[in-house]
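Here's the structure we're looking at; comments come further down.
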Amino acid sequence: MEQLKGQPRLPKSSVPKRYDIWLKPDLSTCKFDGSVAIKLKIIADTSFIVLNATELSIDTTSISFTHPATANSSNSNQVFLLTINFKGILNSKMKGFYTSTYEHNGEKKNMAVTQFEPADARRCFPCWDEPAFKAMLEITLDVPSQLVALSNMPIIEEKVDGDLKTVSYQESPIMSTYLVAIVVGLFDYVKHLTSDGKKIQLYYQVGKVNQGKFALEVVVWTLELYKEYFVVPYFLPKLDMVAIPDFAFGAMENYGLVTICERNLIYDNQHSAATNKQRVVITVAQELAHQWFGNLVTMEWWTYLWLKEGFATWVSYLAANHLFPEWEVWTQFLIDCTEELRLDGLVESHPIEVEINHAREIDEIFFDAMSDKKGASVIRMLQSYLGAECFQRSLASYIKKFACSNAKTDDLWVALEEGSSEPVNQLMNSWTKQKGYPVVSVKVTDKKLVFEQSQFSASGSLGDGQWINFLLQTKSETLDMKELPSDGSNLATSWVKLNVNQTGFYRVKYDEDLAAKLRYAIENKYLSATDRFGILDDSFALCMVRQKSLNSLLILMGAYSGYKVERIAADANPELLECIKQFFISLFLRSAMKLGWEPKKGESHLDALLRGEVWTALAVFEYDPALKEASRRFHAFLDHRNTPFLQCKKKHWSITSIYPSTIPIKFSNGLWLQAAYVAVMRRVSSSNRFGFENLVRVYRETDLSQEKTRVLSSLASSPDPSIILEALNFLLSSEVCTQDAVLGLAVSREGRETAWTWLKDNWEHISKTWGSGYLITRFVSSIVSPFASFEKAKEIEEFFANRTESKIARTLKQSIEQVHINANWVQSVQNE
């Protein structure tokens, strides 16, 4: 056995074919009993059967290994049976087989939930816990008779014996262990039967089922869309989705039993904002896309994680755009994907396809935007190059070929090459196998456009990366101006916009003459919103890396990235702060006045989204009329909650009456509440605690997860360090769900030092509580990255020198690198 220790992968000498699993969870003691019988094949000579198990108490006397009756001396390809009895703990770590709490009739209760991705099925039953070891499963549960018990497949038999029932499920098709799922709890549900006989059910806490009707509609619409797009119908006989209160991830695509963080699966017209509606659509569409990308066709190993994450993200926006074209989600996709551009400009970035040697390395790269958002961006770029129809046809061929199997990146490239006759492998390897991306510089010389690419670097260091980006095959190229399409104007004086619709994953740097002409095109609305955003985002990034001046950025700047500029300017020269604030107030104010505080009849989804953003921004920049109006609205909101008539309804705030004032106030849809909360907190201090105490009261009294999110993300907006410390300590209290603590880490500029001291003082507790999952990286990046001095970077390095765990190592390096980038930017602005 010694030679097996420390090996990152299981040996391939034996492979599972089928699991028969029995589990009996006890929700009062938070323990479970279990047994597994595994049919397996020996495909190479071996003295050992090696599989995964962790935090399980194995009954060694129960282990048996049965030879088949037909066994011969070679043993090659013979079927054997391995049986094991075991016990485990329903943990509180939100991984493996764990407990989540909910309230029913005023009483707190436990539900049992699984979260096995990436490598935690081994915490529930002994198994080959790697994606390539697919097998069929048949699951049996013994659970309290009054509870709902769900698994991947439909129930085939349910026997009740007093307070206990035995539930047996249909045998599954072959699948990876990370997709196995079990949920046991008390639920209501909404249901639908599709035209091809698929049973769809969405499960919610008792009393919340009405908030699931919109999500159910989205599921039905999206399944129909995917069936047509992939030319393969949904594979299983049923699909369940369950809203889970305590959930570390946004959602998990378990085959046939999707688990989703509750706030991402609820929406109603009375209490949810436009952002909540969009989140439901994107989340549902993404998890359904995984039923094809990941579940039906599974990556061979976690190195190819992007094959499922990148595609599912891209397809979710494709679906949202199809269902709600008026939302213009591809423009929002670019905004959502700015994080991966920022991250991929760091020295401490990594390729989309990153080598994973051991399961313990998966967590940190799993949620850092590379496999997910950059993967989706690269797919969007490739689809634009090949053409939508060709891309769809080739994708359908890939799915058909690798259904119920495993694939690598090269398998996808082969399918796309065969379908398009384009050198896809040559084109795409530079995008998936190397980190970073290019910045394309363009200038006019002798009536010719001269292009040159170099690796974009946030730190200013030189990189040697080179990409085929459909504009440049080499480091530099030249295009005669007469080759450009003409609209009848003088080509020598016309504006030029590269990367049309921002489909390419690169930045563009224009020379001063071209940049001036682009400003003219922007002012006269010759460019789409997508292209305007791209120009602005590129300019901001180039300013950050000191390739453009702050002044040139401010000439171009709109609402985007205002907070960051304010912080950097304040660090560079505190006397500039008030001028910068007034500059951004003037930019935001026009939109705010046009939108108002209240929704207008027939207004667009985008206007509803923008309203909250601009009023929140004006609150952050302390625009006094906005602070006063927000305070008035907040007091009216509290008054309504406290009236006796509404006491019975205050948990849901189903208030649509008009407040007796010169300006009517409607308390619905959460449209302006976030802005009001931030504005109220900007006026909170140790001598004026009214806003803070009442926001905490709202948090305690509501049972709406979306409202709790609004409160938590506002509490640290105060400029008073003592209030910020109190808000941060509240995050660590038992009142805040473990996974929600990270929602309150965005502290005000004045609170950065307080937050850093708090992180150091509480690091042992934070590490112990969140150290087993990816959430701990959020504590590091949220609190470390905003700093902007070399001294602070050194202090951070010294603190973590003896505290660096493998799961935060990459995030810590990236965060410290960001501090250096900010510090360099501060120096540049000071010089300017």
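Following the order of the structure tokens, chains are lettered A, B, ..., residues in each are numbered from 1, and ligands are numbered from 1.
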What's the 9 Å shell around A:Ala716, counting only C-alpha atoms, without same-chain residues fewer than 6 positions away, as a PyMOL selection string? chain A and resi 678+681+723-728+744-748+751
Let me see the file: selected residues, C-alpha atoms, as an mmCIF file, in the first residue's frame.
data_model
loop_
_atom_site.group_PDB
_atom_site.id
_atom_site.type_symbol
_atom_site.label_atom_id
_atom_site.label_comp_id
_atom_site.auth_asym_id
_atom_site.auth_seq_id
_atom_site.Cartn_x
_atom_site.Cartn_y
_atom_site.Cartn_z
ATOM 1 C CA VAL A 678 -26.574 52.359 1.408
ATOM 2 C CA MET A 681 -25.573 53.772 6.244
ATOM 3 C CA ILE A 723 -19.807 50.919 12.902
ATOM 4 C CA ILE A 724 -17.904 49.012 10.219
ATOM 5 C CA LEU A 725 -16.308 46.840 12.900
ATOM 6 C CA GLU A 726 -19.731 46.146 14.386
ATOM 7 C CA ALA A 727 -21.078 45.244 10.933
ATOM 8 C CA LEU A 728 -18.178 42.880 10.272
ATOM 9 C CA GLY A 744 -21.068 41.908 3.651
ATOM 10 C CA LEU A 745 -17.328 42.247 2.990
ATOM 11 C CA ALA A 746 -17.505 45.212 0.590
ATOM 12 C CA VAL A 747 -16.572 47.911 3.100
ATOM 13 C CA SER A 748 -16.439 51.643 2.448
ATOM 14 C CA GLY A 751 -13.213 51.194 6.479
#
Write out as CSV the residues of stretch 153-260 of chain A that have any atom within 9 Å of an atom of stretch 286-300 of chain A, one row each with the nearest atom pair and its distance in Å to one decimal, counting only C-alpha atoms, sorted by chain and then rising number.
residue,atom,partner,partner_atom,distance
A:Met175,CA,A:Asn295,CA,7.0
A:Ser176,CA,A:Asn295,CA,7.8
A:Leu179,CA,A:Asn295,CA,7.3
A:Val219,CA,A:Leu288,CA,7.8
A:Thr222,CA,A:Leu288,CA,7.6
A:Leu223,CA,A:Leu288,CA,7.3
A:Tyr226,CA,A:Ala289,CA,7.5
A:Phe230,CA,A:Trp292,CA,8.3
A:Val232,CA,A:Trp292,CA,8.6
A:Tyr234,CA,A:Gln291,CA,7.4
A:Phe235,CA,A:Leu296,CA,7.7
A:Ala251,CA,A:Glu287,CA,7.2
A:Met252,CA,A:Glu287,CA,6.8
A:Glu253,CA,A:Glu287,CA,5.0
A:Asn254,CA,A:Asn295,CA,7.8
A:Tyr255,CA,A:Asn295,CA,6.2
A:Gly256,CA,A:Gln291,CA,8.0
A:Val258,CA,A:Glu287,CA,7.2
A:Ile260,CA,A:Glu287,CA,8.9
For the residues in that selection, give me N, CA, C and O atoms as a PDB file, in the first residue's frame.
ATOM      1  N   MET A 175     -23.146   7.688 -14.707  1.00  0.00           N
ATOM      2  CA  MET A 175     -22.905   9.083 -14.336  1.00  0.00           C
ATOM      3  C   MET A 175     -21.719   9.165 -13.386  1.00  0.00           C
ATOM      4  O   MET A 175     -21.316   8.161 -12.771  1.00  0.00           O
ATOM      5  N   SER A 176     -21.171  10.349 -13.271  1.00  0.00           N
ATOM      6  CA  SER A 176     -20.039  10.579 -12.367  1.00  0.00           C
ATOM      7  C   SER A 176     -20.540  10.786 -10.946  1.00  0.00           C
ATOM      8  O   SER A 176     -21.647  11.291 -10.726  1.00  0.00           O
ATOM      9  N   LEU A 179     -22.075  14.083  -9.420  1.00  0.00           N
ATOM     10  CA  LEU A 179     -23.420  14.481  -9.822  1.00  0.00           C
ATOM     11  C   LEU A 179     -24.516  13.761  -9.057  1.00  0.00           C
ATOM     12  O   LEU A 179     -25.696  14.006  -9.277  1.00  0.00           O
ATOM     13  N   VAL A 219     -37.811  27.151 -16.452  1.00  0.00           N
ATOM     14  CA  VAL A 219     -37.338  25.783 -16.657  1.00  0.00           C
ATOM     15  C   VAL A 219     -37.991  25.174 -17.895  1.00  0.00           C
ATOM     16  O   VAL A 219     -37.319  24.594 -18.759  1.00  0.00           O
ATOM     17  N   THR A 222     -36.796  26.862 -21.145  1.00  0.00           N
ATOM     18  CA  THR A 222     -35.389  26.602 -21.434  1.00  0.00           C
ATOM     19  C   THR A 222     -35.168  25.163 -21.900  1.00  0.00           C
ATOM     20  O   THR A 222     -34.368  24.913 -22.812  1.00  0.00           O
ATOM     21  N   LEU A 223     -35.848  24.210 -21.300  1.00  0.00           N
ATOM     22  CA  LEU A 223     -35.717  22.815 -21.741  1.00  0.00           C
ATOM     23  C   LEU A 223     -36.136  22.651 -23.200  1.00  0.00           C
ATOM     24  O   LEU A 223     -35.503  21.913 -23.965  1.00  0.00           O
ATOM     25  N   TYR A 226     -33.303  24.144 -25.370  1.00  0.00           N
ATOM     26  CA  TYR A 226     -32.108  23.304 -25.424  1.00  0.00           C
ATOM     27  C   TYR A 226     -32.341  22.040 -26.237  1.00  0.00           C
ATOM     28  O   TYR A 226     -31.435  21.551 -26.919  1.00  0.00           O
ATOM     29  N   PHE A 230     -29.533  21.686 -29.028  1.00  0.00           N
ATOM     30  CA  PHE A 230     -28.558  20.599 -28.943  1.00  0.00           C
ATOM     31  C   PHE A 230     -28.945  19.382 -29.784  1.00  0.00           C
ATOM     32  O   PHE A 230     -28.150  18.458 -29.919  1.00  0.00           O
ATOM     33  N   VAL A 232     -30.664  17.083 -28.992  1.00  0.00           N
ATOM     34  CA  VAL A 232     -30.732  15.938 -28.080  1.00  0.00           C
ATOM     35  C   VAL A 232     -31.677  16.341 -26.953  1.00  0.00           C
ATOM     36  O   VAL A 232     -31.442  17.356 -26.293  1.00  0.00           O
ATOM     37  N   TYR A 234     -33.619  16.359 -23.246  1.00  0.00           N
ATOM     38  CA  TYR A 234     -33.194  16.101 -21.873  1.00  0.00           C
ATOM     39  C   TYR A 234     -33.263  14.606 -21.611  1.00  0.00           C
ATOM     40  O   TYR A 234     -34.230  13.938 -21.951  1.00  0.00           O
ATOM     41  N   PHE A 235     -32.234  14.062 -20.979  1.00  0.00           N
ATOM     42  CA  PHE A 235     -31.982  12.618 -20.995  1.00  0.00           C
ATOM     43  C   PHE A 235     -32.751  11.820 -19.945  1.00  0.00           C
ATOM     44  O   PHE A 235     -33.047  10.647 -20.146  1.00  0.00           O
ATOM     45  N   ALA A 251     -25.425  27.429  -7.255  1.00  0.00           N
ATOM     46  CA  ALA A 251     -26.277  26.317  -7.661  1.00  0.00           C
ATOM     47  C   ALA A 251     -25.383  25.124  -7.979  1.00  0.00           C
ATOM     48  O   ALA A 251     -24.171  25.256  -8.147  1.00  0.00           O
ATOM     49  N   MET A 252     -26.000  23.936  -8.062  1.00  0.00           N
ATOM     50  CA  MET A 252     -25.278  22.716  -8.420  1.00  0.00           C
ATOM     51  C   MET A 252     -26.146  21.859  -9.327  1.00  0.00           C
ATOM     52  O   MET A 252     -27.297  21.564  -9.008  1.00  0.00           O
ATOM     53  N   GLU A 253     -25.566  21.444 -10.445  1.00  0.00           N
ATOM     54  CA  GLU A 253     -26.319  20.832 -11.528  1.00  0.00           C
ATOM     55  C   GLU A 253     -26.535  19.333 -11.395  1.00  0.00           C
ATOM     56  O   GLU A 253     -26.714  18.635 -12.405  1.00  0.00           O
ATOM     57  N   ASN A 254     -26.565  18.783 -10.187  1.00  0.00           N
ATOM     58  CA  ASN A 254     -26.741  17.352 -10.009  1.00  0.00           C
ATOM     59  C   ASN A 254     -27.737  16.791 -11.033  1.00  0.00           C
ATOM     60  O   ASN A 254     -28.802  17.359 -11.255  1.00  0.00           O
ATOM     61  N   TYR A 255     -27.393  15.664 -11.608  1.00  0.00           N
ATOM     62  CA  TYR A 255     -28.190  15.073 -12.678  1.00  0.00           C
ATOM     63  C   TYR A 255     -29.603  14.764 -12.194  1.00  0.00           C
ATOM     64  O   TYR A 255     -29.812  13.948 -11.311  1.00  0.00           O
ATOM     65  N   GLY A 256     -30.580  15.466 -12.724  1.00  0.00           N
ATOM     66  CA  GLY A 256     -31.973  15.199 -12.380  1.00  0.00           C
ATOM     67  C   GLY A 256     -32.442  15.784 -11.070  1.00  0.00           C
ATOM     68  O   GLY A 256     -33.646  15.759 -10.769  1.00  0.00           O
ATOM     69  N   VAL A 258     -31.347  19.257  -9.311  1.00  0.00           N
ATOM     70  CA  VAL A 258     -30.547  20.475  -9.228  1.00  0.00           C
ATOM     71  C   VAL A 258     -30.806  21.153  -7.886  1.00  0.00           C
ATOM     72  O   VAL A 258     -31.957  21.368  -7.503  1.00  0.00           O
ATOM     73  N   ILE A 260     -30.163  24.608  -5.618  1.00  0.00           N
ATOM     74  CA  ILE A 260     -29.894  26.016  -5.883  1.00  0.00           C
ATOM     75  C   ILE A 260     -30.048  26.821  -4.600  1.00  0.00           C
ATOM     76  O   ILE A 260     -30.984  26.609  -3.828  1.00  0.00           O
TER      77      ILE A 260
END
Please return, as a PyMOL selection string, all residues of stretch 392-597 of chain A that DSSP assigns to helix (DSSP H, G or I) on the basis of the backbone. chain A and resi 392-402+409-420+424-432+481-483+491-493+500-502+512-523+529-544+550-556+562-572+574-595
Residues at most 6 Å from stretch 611-613 of chain A, counting only C-alpha atoms, excluding those fewer than 3 positions away in the same chain, as a ChimeraX atom specification? /A:608,616,672,675
Writer output for current selection, C-alpha atoms, as a PDB file, in the first residue's frame:
ATOM      1  CA  ALA A 608     -35.310  48.963 -13.676  1.00  0.00           C
ATOM      2  CA  THR A 616     -26.738  53.648  -5.010  1.00  0.00           C
ATOM      3  CA  TRP A 672     -34.898  51.403  -4.501  1.00  0.00           C
ATOM      4  CA  ALA A 675     -29.927  52.455  -2.654  1.00  0.00           C
TER       5      ALA A 675
END
Could you name the residues that touch A:Glu817 at 8 Å or less, counting only C-alpha atoms, but leaving out those on the same chain fewer than 6 positions away, as a PDB file with all heavy atoms, in the first residue's frame?
ATOM      1  N   LEU A 346      -3.238  39.598 -14.517  1.00  0.00           N
ATOM      2  CA  LEU A 346      -2.270  39.451 -13.428  1.00  0.00           C
ATOM      3  C   LEU A 346      -1.191  38.428 -13.791  1.00  0.00           C
ATOM      4  O   LEU A 346      -1.445  37.470 -14.521  1.00  0.00           O
ATOM      5  CB  LEU A 346      -2.978  38.991 -12.157  1.00  0.00           C
ATOM      6  CG  LEU A 346      -4.089  39.881 -11.597  1.00  0.00           C
ATOM      7  CD1 LEU A 346      -4.707  39.237 -10.361  1.00  0.00           C
ATOM      8  CD2 LEU A 346      -3.555  41.266 -11.256  1.00  0.00           C
ATOM      9  N   VAL A 347      -0.020  38.640 -13.237  1.00  0.00           N
ATOM     10  CA  VAL A 347       1.050  37.646 -13.388  1.00  0.00           C
ATOM     11  C   VAL A 347       0.615  36.322 -12.776  1.00  0.00           C
ATOM     12  O   VAL A 347       0.932  35.243 -13.278  1.00  0.00           O
ATOM     13  CB  VAL A 347       2.345  38.151 -12.712  1.00  0.00           C
ATOM     14  CG1 VAL A 347       3.412  37.067 -12.707  1.00  0.00           C
ATOM     15  CG2 VAL A 347       2.857  39.407 -13.421  1.00  0.00           C
ATOM     16  N   GLU A 348      -0.153  36.402 -11.680  1.00  0.00           N
ATOM     17  CA  GLU A 348      -0.586  35.199 -10.967  1.00  0.00           C
ATOM     18  C   GLU A 348      -1.885  34.610 -11.521  1.00  0.00           C
ATOM     19  O   GLU A 348      -2.586  33.880 -10.839  1.00  0.00           O
ATOM     20  CB  GLU A 348      -0.767  35.512  -9.479  1.00  0.00           C
ATOM     21  CG  GLU A 348       0.518  35.799  -8.748  1.00  0.00           C
ATOM     22  CD  GLU A 348       1.461  34.609  -8.676  1.00  0.00           C
ATOM     23  OE1 GLU A 348       0.963  33.470  -8.817  1.00  0.00           O
ATOM     24  OE2 GLU A 348       2.669  34.809  -8.501  1.00  0.00           O
ATOM     25  N   SER A 459       0.426  44.666 -14.218  1.00  0.00           N
ATOM     26  CA  SER A 459       1.559  45.136 -13.420  1.00  0.00           C
ATOM     27  C   SER A 459       2.546  45.951 -14.242  1.00  0.00           C
ATOM     28  O   SER A 459       3.472  46.540 -13.693  1.00  0.00           O
ATOM     29  CB  SER A 459       2.286  43.936 -12.804  1.00  0.00           C
ATOM     30  OG  SER A 459       2.857  43.128 -13.822  1.00  0.00           O
TER      31      SER A 459
END
Which residues come within 12 Å of stretch 791-802 of chain A, counting only C-alpha atoms, excluding same-chain residues fewer than 2 positions away, as an NGL selection string? :A and (752-753 or 756-757 or 759-761 or 763-764 or 767 or 780-781 or 783-789 or 804-806 or 808-809 or 811-824)
So which one's closest to A:Lys807, A:Ser62, A:Ser718, A:Asn831, A:Thr777? Using only C-alpha atoms, please.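 When distances to A:Lys807 are compared using only C-alpha atoms, the smallest one comes from A:Thr777.
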Within 9 Å of stretch 576-584 of chain A using only C-alpha atoms, minus same-chain residues under 2 positions, as a PyMOL selection string: chain A and resi 554+557-559+562+565-567+569-574+586-589+617-618+621-623
Resulting file, chosen residues, N, CA and C atoms, as a PDB file, in the first residue's frame:
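Output file result.pdb follows:
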ATOM      1  N   LEU A 554     -11.024  60.422 -17.707  1.00  0.00           N
ATOM      2  CA  LEU A 554     -12.146  61.216 -17.205  1.00  0.00           C
ATOM      3  C   LEU A 554     -12.913  61.895 -18.333  1.00  0.00           C
ATOM      4  N   MET A 557     -14.999  59.031 -19.397  1.00  0.00           N
ATOM      5  CA  MET A 557     -15.659  58.235 -18.354  1.00  0.00           C
ATOM      6  C   MET A 557     -17.149  58.505 -18.214  1.00  0.00           C
ATOM      7  N   GLY A 558     -17.898  57.425 -18.058  1.00  0.00           N
ATOM      8  CA  GLY A 558     -19.304  57.516 -17.695  1.00  0.00           C
ATOM      9  C   GLY A 558     -19.460  56.942 -16.311  1.00  0.00           C
ATOM     10  N   ALA A 559     -20.524  56.230 -16.094  1.00  0.00           N
ATOM     11  CA  ALA A 559     -20.810  55.677 -14.779  1.00  0.00           C
ATOM     12  C   ALA A 559     -19.868  54.554 -14.410  1.00  0.00           C
ATOM     13  N   GLY A 562     -16.724  54.074 -11.468  1.00  0.00           N
ATOM     14  CA  GLY A 562     -16.573  55.319 -10.731  1.00  0.00           C
ATOM     15  C   GLY A 562     -15.991  55.130  -9.354  1.00  0.00           C
ATOM     16  N   VAL A 565     -12.122  54.684  -9.361  1.00  0.00           N
ATOM     17  CA  VAL A 565     -11.399  55.931  -9.631  1.00  0.00           C
ATOM     18  C   VAL A 565     -11.424  56.832  -8.413  1.00  0.00           C
ATOM     19  N   GLU A 566     -12.564  56.875  -7.731  1.00  0.00           N
ATOM     20  CA  GLU A 566     -12.667  57.710  -6.535  1.00  0.00           C
ATOM     21  C   GLU A 566     -11.640  57.270  -5.492  1.00  0.00           C
ATOM     22  N   ARG A 567     -11.524  55.983  -5.281  1.00  0.00           N
ATOM     23  CA  ARG A 567     -10.602  55.476  -4.257  1.00  0.00           C
ATOM     24  C   ARG A 567      -9.150  55.751  -4.625  1.00  0.00           C
ATOM     25  N   ALA A 569      -7.980  58.080  -6.697  1.00  0.00           N
ATOM     26  CA  ALA A 569      -7.723  59.518  -6.648  1.00  0.00           C
ATOM     27  C   ALA A 569      -7.548  59.992  -5.211  1.00  0.00           C
ATOM     28  N   ALA A 570      -8.364  59.466  -4.311  1.00  0.00           N
ATOM     29  CA  ALA A 570      -8.265  59.850  -2.898  1.00  0.00           C
ATOM     30  C   ALA A 570      -6.937  59.400  -2.301  1.00  0.00           C
ATOM     31  N   ASP A 571      -6.480  58.196  -2.678  1.00  0.00           N
ATOM     32  CA  ASP A 571      -5.188  57.708  -2.188  1.00  0.00           C
ATOM     33  C   ASP A 571      -4.035  58.538  -2.752  1.00  0.00           C
ATOM     34  N   ALA A 572      -4.194  58.955  -4.010  1.00  0.00           N
ATOM     35  CA  ALA A 572      -3.119  59.719  -4.645  1.00  0.00           C
ATOM     36  C   ALA A 572      -3.030  61.144  -4.093  1.00  0.00           C
ATOM     37  N   ASN A 573      -4.188  61.770  -3.903  1.00  0.00           N
ATOM     38  CA  ASN A 573      -4.218  63.154  -3.441  1.00  0.00           C
ATOM     39  C   ASN A 573      -5.566  63.411  -2.796  1.00  0.00           C
ATOM     40  N   PRO A 574      -5.652  63.350  -1.462  1.00  0.00           N
ATOM     41  CA  PRO A 574      -6.942  63.526  -0.782  1.00  0.00           C
ATOM     42  C   PRO A 574      -7.667  64.808  -1.155  1.00  0.00           C
ATOM     43  N   SER A 586     -22.142  64.445 -11.294  1.00  0.00           N
ATOM     44  CA  SER A 586     -22.690  65.072 -12.498  1.00  0.00           C
ATOM     45  C   SER A 586     -22.971  64.029 -13.579  1.00  0.00           C
ATOM     46  N   LEU A 587     -22.149  62.969 -13.645  1.00  0.00           N
ATOM     47  CA  LEU A 587     -22.365  61.921 -14.641  1.00  0.00           C
ATOM     48  C   LEU A 587     -23.578  61.058 -14.306  1.00  0.00           C
ATOM     49  N   PHE A 588     -23.731  60.749 -13.022  1.00  0.00           N
ATOM     50  CA  PHE A 588     -24.835  59.880 -12.610  1.00  0.00           C
ATOM     51  C   PHE A 588     -26.173  60.618 -12.582  1.00  0.00           C
ATOM     52  N   LEU A 589     -26.129  61.902 -12.299  1.00  0.00           N
ATOM     53  CA  LEU A 589     -27.345  62.636 -11.970  1.00  0.00           C
ATOM     54  C   LEU A 589     -28.338  62.685 -13.131  1.00  0.00           C
ATOM     55  N   ALA A 617     -25.038  54.626  -6.454  1.00  0.00           N
ATOM     56  CA  ALA A 617     -23.799  55.358  -6.728  1.00  0.00           C
ATOM     57  C   ALA A 617     -23.853  56.768  -6.159  1.00  0.00           C
ATOM     58  N   LEU A 618     -24.959  57.453  -6.349  1.00  0.00           N
ATOM     59  CA  LEU A 618     -25.091  58.805  -5.804  1.00  0.00           C
ATOM     60  C   LEU A 618     -25.033  58.804  -4.277  1.00  0.00           C
ATOM     61  N   PHE A 621     -21.366  58.443  -3.357  1.00  0.00           N
ATOM     62  CA  PHE A 621     -20.666  59.712  -3.568  1.00  0.00           C
ATOM     63  C   PHE A 621     -21.244  60.844  -2.714  1.00  0.00           C
ATOM     64  N   GLU A 622     -22.199  60.482  -1.829  1.00  0.00           N
ATOM     65  CA  GLU A 622     -22.760  61.388  -0.820  1.00  0.00           C
ATOM     66  C   GLU A 622     -23.411  62.631  -1.428  1.00  0.00           C
ATOM     67  N   TYR A 623     -24.188  62.408  -2.482  1.00  0.00           N
ATOM     68  CA  TYR A 623     -24.976  63.487  -3.066  1.00  0.00           C
ATOM     69  C   TYR A 623     -26.115  63.793  -2.096  1.00  0.00           C
TER      70      TYR A 623
END
Can you list, as a PyMOL selection string, all residues belonging to stretch 227-461 of chain A that DSSP tags as strand (DSSP E)? chain A and resi 238-244+251-252+257-261+297-299+405-407+438-445+448-455
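Ranking A:Lys213, A:Lys39, A:Lys109, A:Arg683 by their shortest atom-to-atom distance to A:Tyr19, with only C-alpha atoms included, puts A:Lys39 first.
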Using only C-alpha atoms, which of A:Leu412, A:Trp597, A:Ala243, A:Gly602 sits nearest A:Arg633?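 Looking at the shortest contact to A:Arg633, the residue is A:Trp597.
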How close does each residue of stretch 363-423 of chain A get to stretch 126-142 of chain A, giving the shortest atom pair and distance in Å to one decimal for every residue with an atom at most 10 Å away, counting only C-alpha atoms, sorted by chain and residue number, as JSON lines?
{"residue": "A:Cys404", "atom": "CA", "partner": "A:Lys134", "partner_atom": "CA", "distance": 8.5}
{"residue": "A:Ser405", "atom": "CA", "partner": "A:Lys134", "partner_atom": "CA", "distance": 7.9}
{"residue": "A:Asn406", "atom": "CA", "partner": "A:Ala132", "partner_atom": "CA", "distance": 6.2}
{"residue": "A:Ala407", "atom": "CA", "partner": "A:Ala132", "partner_atom": "CA", "distance": 9.0}
Serialized selection, N, CA, C and O atoms, as a PDB file, in the first residue's frame:
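So selection.pdb came out as:
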ATOM      1  N   CYS A 404     -23.032  10.253 -22.624  1.00  0.00           N
ATOM      2  CA  CYS A 404     -22.800   9.185 -21.640  1.00  0.00           C
ATOM      3  C   CYS A 404     -21.333   8.792 -21.566  1.00  0.00           C
ATOM      4  O   CYS A 404     -20.991   7.660 -21.195  1.00  0.00           O
ATOM      5  N   SER A 405     -20.459   9.734 -21.919  1.00  0.00           N
ATOM      6  CA  SER A 405     -19.029   9.441 -21.923  1.00  0.00           C
ATOM      7  C   SER A 405     -18.272  10.653 -21.392  1.00  0.00           C
ATOM      8  O   SER A 405     -18.871  11.580 -20.837  1.00  0.00           O
ATOM      9  N   ASN A 406     -16.947  10.630 -21.566  1.00  0.00           N
ATOM     10  CA  ASN A 406     -16.085  11.714 -21.103  1.00  0.00           C
ATOM     11  C   ASN A 406     -15.317  12.297 -22.272  1.00  0.00           C
ATOM     12  O   ASN A 406     -15.014  11.601 -23.238  1.00  0.00           O
ATOM     13  N   ALA A 407     -14.975  13.586 -22.173  1.00  0.00           N
ATOM     14  CA  ALA A 407     -14.292  14.267 -23.273  1.00  0.00           C
ATOM     15  C   ALA A 407     -13.180  15.167 -22.752  1.00  0.00           C
ATOM     16  O   ALA A 407     -13.182  15.579 -21.592  1.00  0.00           O
TER      17      ALA A 407
END
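Separating atom CA of A:Leu731 from atom CA of A:Leu743 is a distance of 8.8 Å.
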Skipping near chain neighbours, those fewer than 5 positions away, what residues fall within 12 Å of A:Leu216 using only C-alpha atoms, listed as a PyMOL selection string? chain A and resi 189-194+199-204+209-211+221-223+239-242+265-267+280-281+284-285
